[in-house]
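As provided, structure20.cif (mmCIF, C-alpha atoms and all ligand atoms) reads as follows.
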```cif
data_my_file
loop_
_atom_site.label_atom_id
_atom_site.label_comp_id
_atom_site.auth_asym_id
_atom_site.auth_seq_id
_atom_site.Cartn_x
_atom_site.Cartn_y
_atom_site.Cartn_z
CA MET A 1 -1.91 36.68 56.19
CA SER A 2 -1.18 33.00 55.39
CA LEU A 3 1.47 30.57 54.31
CA GLY A 4 3.33 32.79 51.88
CA TYR A 5 3.96 31.48 48.43
CA CYS A 6 4.50 34.93 46.94
CA GLN A 7 7.42 37.39 46.90
CA SER A 8 9.24 38.68 50.01
CA ALA A 9 7.45 41.37 52.05
CA PRO A 10 9.60 44.31 50.87
CA LEU A 11 9.27 43.23 47.23
CA ARG A 12 5.54 42.77 47.69
CA TRP A 13 5.30 46.26 49.19
CA PHE A 14 7.27 47.74 46.29
CA ASN A 15 5.16 45.88 43.73
CA ASN A 16 1.94 46.93 45.41
CA MET A 17 3.01 50.57 45.61
CA SER A 18 4.14 50.51 41.96
CA LEU A 19 0.82 48.95 40.99
CA LYS A 20 -1.14 51.62 42.84
CA ILE A 21 0.84 54.47 41.26
CA ILE A 22 0.29 53.01 37.80
CA GLN A 23 -3.37 52.48 38.49
CA ILE A 24 -3.87 56.01 39.83
CA MET A 25 -2.13 57.38 36.74
CA SER A 26 -3.97 55.08 34.35
CA ASN A 27 -7.17 54.81 36.41
CA ASP A 28 -7.14 51.19 35.30
CA LEU A 29 -7.43 48.34 37.77
CA ARG A 30 -6.47 44.83 36.75
CA PRO A 31 -9.23 42.20 37.10
CA SER A 32 -7.67 40.71 40.25
CA GLU A 33 -7.45 44.20 41.79
CA GLN A 34 -11.11 44.76 41.00
CA VAL A 35 -12.10 41.57 42.81
CA TYR A 36 -9.79 42.36 45.73
CA ARG A 37 -11.26 45.85 46.14
CA GLY A 38 -14.74 44.33 46.09
CA LEU A 39 -13.77 41.97 48.90
CA LYS A 40 -12.38 44.89 50.89
CA ARG A 41 -15.46 47.06 50.28
CA ALA A 42 -17.63 44.13 51.40
CA GLY A 43 -15.66 43.87 54.64
CA ILE A 44 -14.52 40.31 53.98
CA ASP A 45 -11.98 39.39 56.66
CA LEU A 46 -11.40 35.68 56.01
CA VAL A 47 -10.82 33.91 52.70
CA ALA A 48 -10.38 30.17 52.29
CA SER A 49 -8.81 29.27 48.96
CA VAL A 50 -8.12 26.38 46.64
CA PRO A 51 -5.85 27.72 43.89
CA CYS A 52 -6.48 28.13 40.18
CA VAL A 53 -3.98 29.65 37.77
CA ASN A 54 -6.37 32.56 37.24
CA LEU A 55 -6.60 33.27 40.97
CA GLN A 56 -2.87 33.52 41.64
CA GLU A 57 -2.64 37.33 41.63
CA LEU A 58 -5.74 37.65 43.82
CA LEU A 59 -4.37 35.08 46.28
CA CYS A 60 -1.12 37.03 46.53
CA LEU A 61 -3.05 40.24 47.23
CA LEU A 62 -4.96 38.42 49.98
CA SER A 63 -1.78 36.94 51.45
CA SER A 64 -0.28 40.42 51.62
CA ASP A 65 -3.26 41.95 53.45
CA PRO A 66 -2.84 41.98 57.25
CA ASP A 67 -6.57 42.60 57.67
CA ILE A 68 -7.63 39.41 55.89
CA ILE A 69 -7.00 35.90 57.22
CA HIS A 70 -6.15 33.86 54.13
CA ILE A 71 -6.45 30.09 54.64
CA PRO A 72 -5.30 27.87 51.76
CA VAL A 73 -7.20 24.57 52.06
CA THR A 74 -6.84 21.23 50.27
CA ARG A 75 -10.44 20.80 49.08
CA GLU A 76 -13.30 23.23 48.47
CA GLU A 77 -15.67 21.43 50.86
CA GLU A 78 -13.07 21.93 53.61
CA GLY A 79 -13.04 25.63 52.80
CA ILE A 80 -16.83 25.80 53.03
CA GLY A 81 -16.64 24.28 56.51
CA VAL A 82 -13.92 26.73 57.56
CA CYS A 83 -15.99 29.66 56.27
CA ALA A 84 -19.14 28.41 58.04
CA GLY A 85 -17.26 28.28 61.32
CA ALA A 86 -15.76 31.71 60.70
CA TYR A 87 -19.21 33.20 60.04
CA MET A 88 -20.59 31.66 63.22
CA GLY A 89 -17.62 33.20 64.99
CA GLY A 90 -18.59 36.66 63.76
CA MET A 91 -16.37 36.95 60.68
CA SER A 92 -17.25 37.78 57.06
CA PRO A 93 -15.94 34.85 55.01
CA ALA A 94 -15.39 34.11 51.34
CA ILE A 95 -14.02 31.19 49.40
CA ALA A 96 -11.83 31.63 46.32
CA MET A 97 -11.95 28.51 44.19
CA GLN A 98 -12.15 27.02 40.72
CA ASN A 99 -15.52 25.87 39.38
CA SER A 100 -14.20 22.31 39.05
CA GLY A 101 -14.35 22.24 42.87
CA LEU A 102 -18.06 23.00 42.88
CA GLY A 103 -18.61 19.30 42.30
CA ASN A 104 -16.64 18.58 45.50
CA SER A 105 -18.74 21.12 47.40
CA ILE A 106 -22.37 20.17 46.75
CA ASN A 107 -22.90 18.22 49.96
CA ALA A 108 -21.25 20.85 52.18
CA LEU A 109 -23.15 23.68 50.48
CA ALA A 110 -26.49 21.85 50.72
CA SER A 111 -26.22 20.16 54.12
CA LEU A 112 -24.48 23.01 55.95
CA ASP A 113 -24.83 26.45 54.34
CA MET A 114 -28.25 26.03 52.67
CA LEU A 115 -29.75 23.99 55.53
CA TYR A 116 -28.69 26.36 58.32
CA GLY A 117 -28.83 29.62 56.37
CA ILE A 118 -25.11 30.43 56.45
CA PRO A 119 -23.98 33.25 54.14
CA LEU A 120 -20.93 32.62 51.98
CA LEU A 121 -19.33 34.66 49.20
CA MET A 122 -17.98 32.34 46.51
CA VAL A 123 -15.40 33.87 44.17
CA ILE A 124 -15.19 31.24 41.44
CA SER A 125 -12.68 31.07 38.60
CA HIS A 126 -14.94 29.67 35.89
CA ARG A 127 -12.81 27.37 33.79
CA GLY A 128 -14.06 25.36 30.81
CA THR A 129 -15.46 28.53 29.25
CA GLN A 130 -14.54 30.09 25.90
CA GLY A 131 -10.77 30.00 25.43
CA GLU A 132 -10.14 27.11 27.84
CA ARG A 133 -6.98 25.18 26.96
CA LEU A 134 -7.55 22.15 29.24
CA VAL A 135 -10.13 19.74 27.81
CA GLY A 136 -10.69 18.27 31.29
CA GLN A 137 -12.23 21.59 32.37
CA ILE A 138 -15.02 21.50 29.77
CA PRO A 139 -17.58 19.22 31.52
CA MET A 140 -17.65 21.17 34.80
CA GLY A 141 -17.47 24.39 32.84
CA ARG A 142 -20.79 23.48 31.25
CA LEU A 143 -22.32 22.14 34.50
CA THR A 144 -21.42 25.08 36.76
CA GLU A 145 -24.40 27.35 36.09
CA PRO A 146 -26.99 24.49 36.00
CA LEU A 147 -25.61 23.20 39.32
CA LEU A 148 -25.82 26.64 40.95
CA LYS A 149 -29.36 27.13 39.62
CA THR A 150 -30.43 23.67 40.84
CA MET A 151 -29.04 24.44 44.31
CA GLY A 152 -30.72 27.84 44.45
CA ILE A 153 -27.38 29.64 44.69
CA PRO A 154 -27.59 33.04 43.00
CA PHE A 155 -24.63 34.04 40.84
CA PHE A 156 -23.20 37.09 39.09
CA ARG A 157 -21.06 37.07 35.94
CA PRO A 158 -19.38 40.50 35.95
CA ARG A 159 -17.03 41.98 33.40
CA PRO A 160 -13.78 43.34 34.87
CA HIS A 161 -15.01 46.93 35.36
CA GLU A 162 -18.13 45.58 37.11
CA ALA A 163 -16.33 43.17 39.44
CA GLU A 164 -15.74 45.45 42.42
CA LYS A 165 -19.45 46.27 42.77
CA ALA A 166 -20.50 42.73 41.88
CA VAL A 167 -18.36 41.20 44.64
CA GLU A 168 -19.64 43.70 47.20
CA GLY A 169 -23.22 43.18 46.02
CA ALA A 170 -22.90 39.40 46.13
CA TRP A 171 -21.88 39.49 49.79
CA SER A 172 -24.73 41.87 50.58
CA LEU A 173 -27.15 39.44 48.90
CA ALA A 174 -25.64 36.49 50.78
CA LEU A 175 -26.25 38.31 54.07
CA ASN A 176 -29.79 39.35 53.14
CA GLU A 177 -30.78 35.90 51.95
CA MET A 178 -28.60 33.95 54.42
CA ARG A 179 -27.21 31.68 51.70
CA PRO A 180 -24.13 31.27 49.50
CA VAL A 181 -23.86 33.63 46.52
CA ALA A 182 -21.34 33.10 43.72
CA VAL A 183 -19.39 35.46 41.47
CA LEU A 184 -18.40 33.56 38.32
CA LEU A 185 -15.24 34.87 36.63
CA ASP A 186 -14.71 33.20 33.26
CA ILE A 187 -11.53 33.00 31.22
CA LYS A 188 -12.36 36.17 29.27
CA PHE A 189 -12.70 38.05 32.59
CA TRP A 190 -9.00 37.48 33.37
CA GLY A 191 -7.95 38.60 29.90
CA ARG A 192 -6.17 35.31 29.32
O1 LIG B 201 -7.14 23.08 37.48
C1 LIG B 201 -6.21 23.18 36.67
C2 LIG B 201 -4.87 23.61 37.11
S1 LIG B 201 -4.60 25.26 36.63
O2 LIG B 201 -4.89 25.39 35.17
O3 LIG B 201 -5.44 26.15 37.43
O4 LIG B 201 -3.15 25.51 36.91
#
```

Give the structure from this file in structure tokens form.
Amino acid sequence: MSLGYCQSAPLRWFNNMSLKIIQIMSNDLRPSEQVYRGLKRAGIDLVASVPCVNLQELLCLLSSDPDIIHIPVTREEEGIGVCAGAYMGGMSPAIAMQNSGLGNSINALASLDMLYGIPLLMVISHRGTQGERLVGQIPMGRLTEPLLKTMGIPFFRPRPHEAEKAVEGAWSLALNEMRPVAVLLDIKFWGR
């Protein structure tokens, strides 16, 4: 539920139903579907997002789900603040972002989530990894894991068939440890 930038509702419904029939027949979920099902299994009910080309299908799935409040934001640190408020209001929040925004988020993650023990599920499109076409993505691509390690933020790097359980497990870990936990999804993950 959010500002729609996807297809009309009837077309979305038709596409979703077609996708589900194909998946049932082929027993083959697309990477974005895997992540989405993990969010649903985890009980995530609010997602703040800053778009990345690799997140577009997931963001459309979220926008079509009446049980998830999807809030597109302008900067990742804004999304971290929105999610912190949502958690304190009793919701189960996640942020969907690109790793380049991790650099924008360090202060909010450290001074809010880490300091006060606020759980956050971070679904991160990891650009600057093998197969990246934009040279500007390379530096943050290399810095992403060292930054997460330095901040004490655990992270998972699932393959597509592992994503559903990894997303659910990451939120469970975030709740247990009362801290942000990231799921890094590199370019190979999306099959691009
Ligand atoms: O951040 C880069 C823009 S895009 O490749 O995600 O469209």

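Near ligand LIG 201 (chain B), at a distance of at most 12 Å and with all atoms listed in the file counted, sit the residues Val50, Pro51, Cys52, Val53, Asn54, Leu55, Gln56, Met97, Gln98, Asn99, Ser100, Gly101, Ile124, Ser125, His126, Arg127, Gly128, Glu132, Arg133, Leu134, Val135, Gly136, Gln137, Ile138, Met140, Gly141, Ile187 and Arg192 of chain A.
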
Closest of A:Gly191, A:Gly38, A:Pro66, A:Gly43 to Gly131 in chain A, counting all atoms listed in the file, is A:Gly191

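Here CA of Arg142 in chain A stands at a distance of 20.1 Å from CA of Pro180 in chain A.
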
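CA of Val47 in chain A lies 8.2 Å from CA of Pro72 in chain A.
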
>> Please list, as number ranges by chain, the residues that have an atom at most 12 Å away from (-25.4, 40.0, 51.7) in the coordinates of this file, counting only C-alpha atoms.
In response: A: 42-44, 92-94, 117-122, 154, 166-182

Among A:Ile153, A:Ala84, A:Ala48, A:Leu62, Arg12 in chain A is approached most closely, using all atoms listed in the file, by A:Leu62

Atom pair CA of Val82 in chain A + CA of Pro139 in chain A, distance 27.3 Å

What are the centre and the three edge lengths of an axis-aligned box that wraps all atoms of range 51-64 of chain A in the file, given that 3 Å is added to every side, written as lines of an AutoDock Vina configuration file and rounded to one decimal in Å?
```
center_x = -3.4
center_y = 34.1
center_z = 44.4
size_x = 12.3
size_y = 18.7
size_z = 20.4
```

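Taking all atoms listed in the file, the non-local environment of Glu162 in chain A within 10 Å (same-chain residues fewer than 3 positions away omitted) comprises A:Pro31, A:Gln34, A:Val35, A:Gly38, A:Arg157, A:Pro158, A:Arg159, A:Lys165, A:Ala166, A:Val167.
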
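Counting only C-alpha atoms, the residue from A:Val73, A:Ala9, A:Leu115, A:Ala96 that sits nearest to Tyr36 in chain A is A:Ala96.
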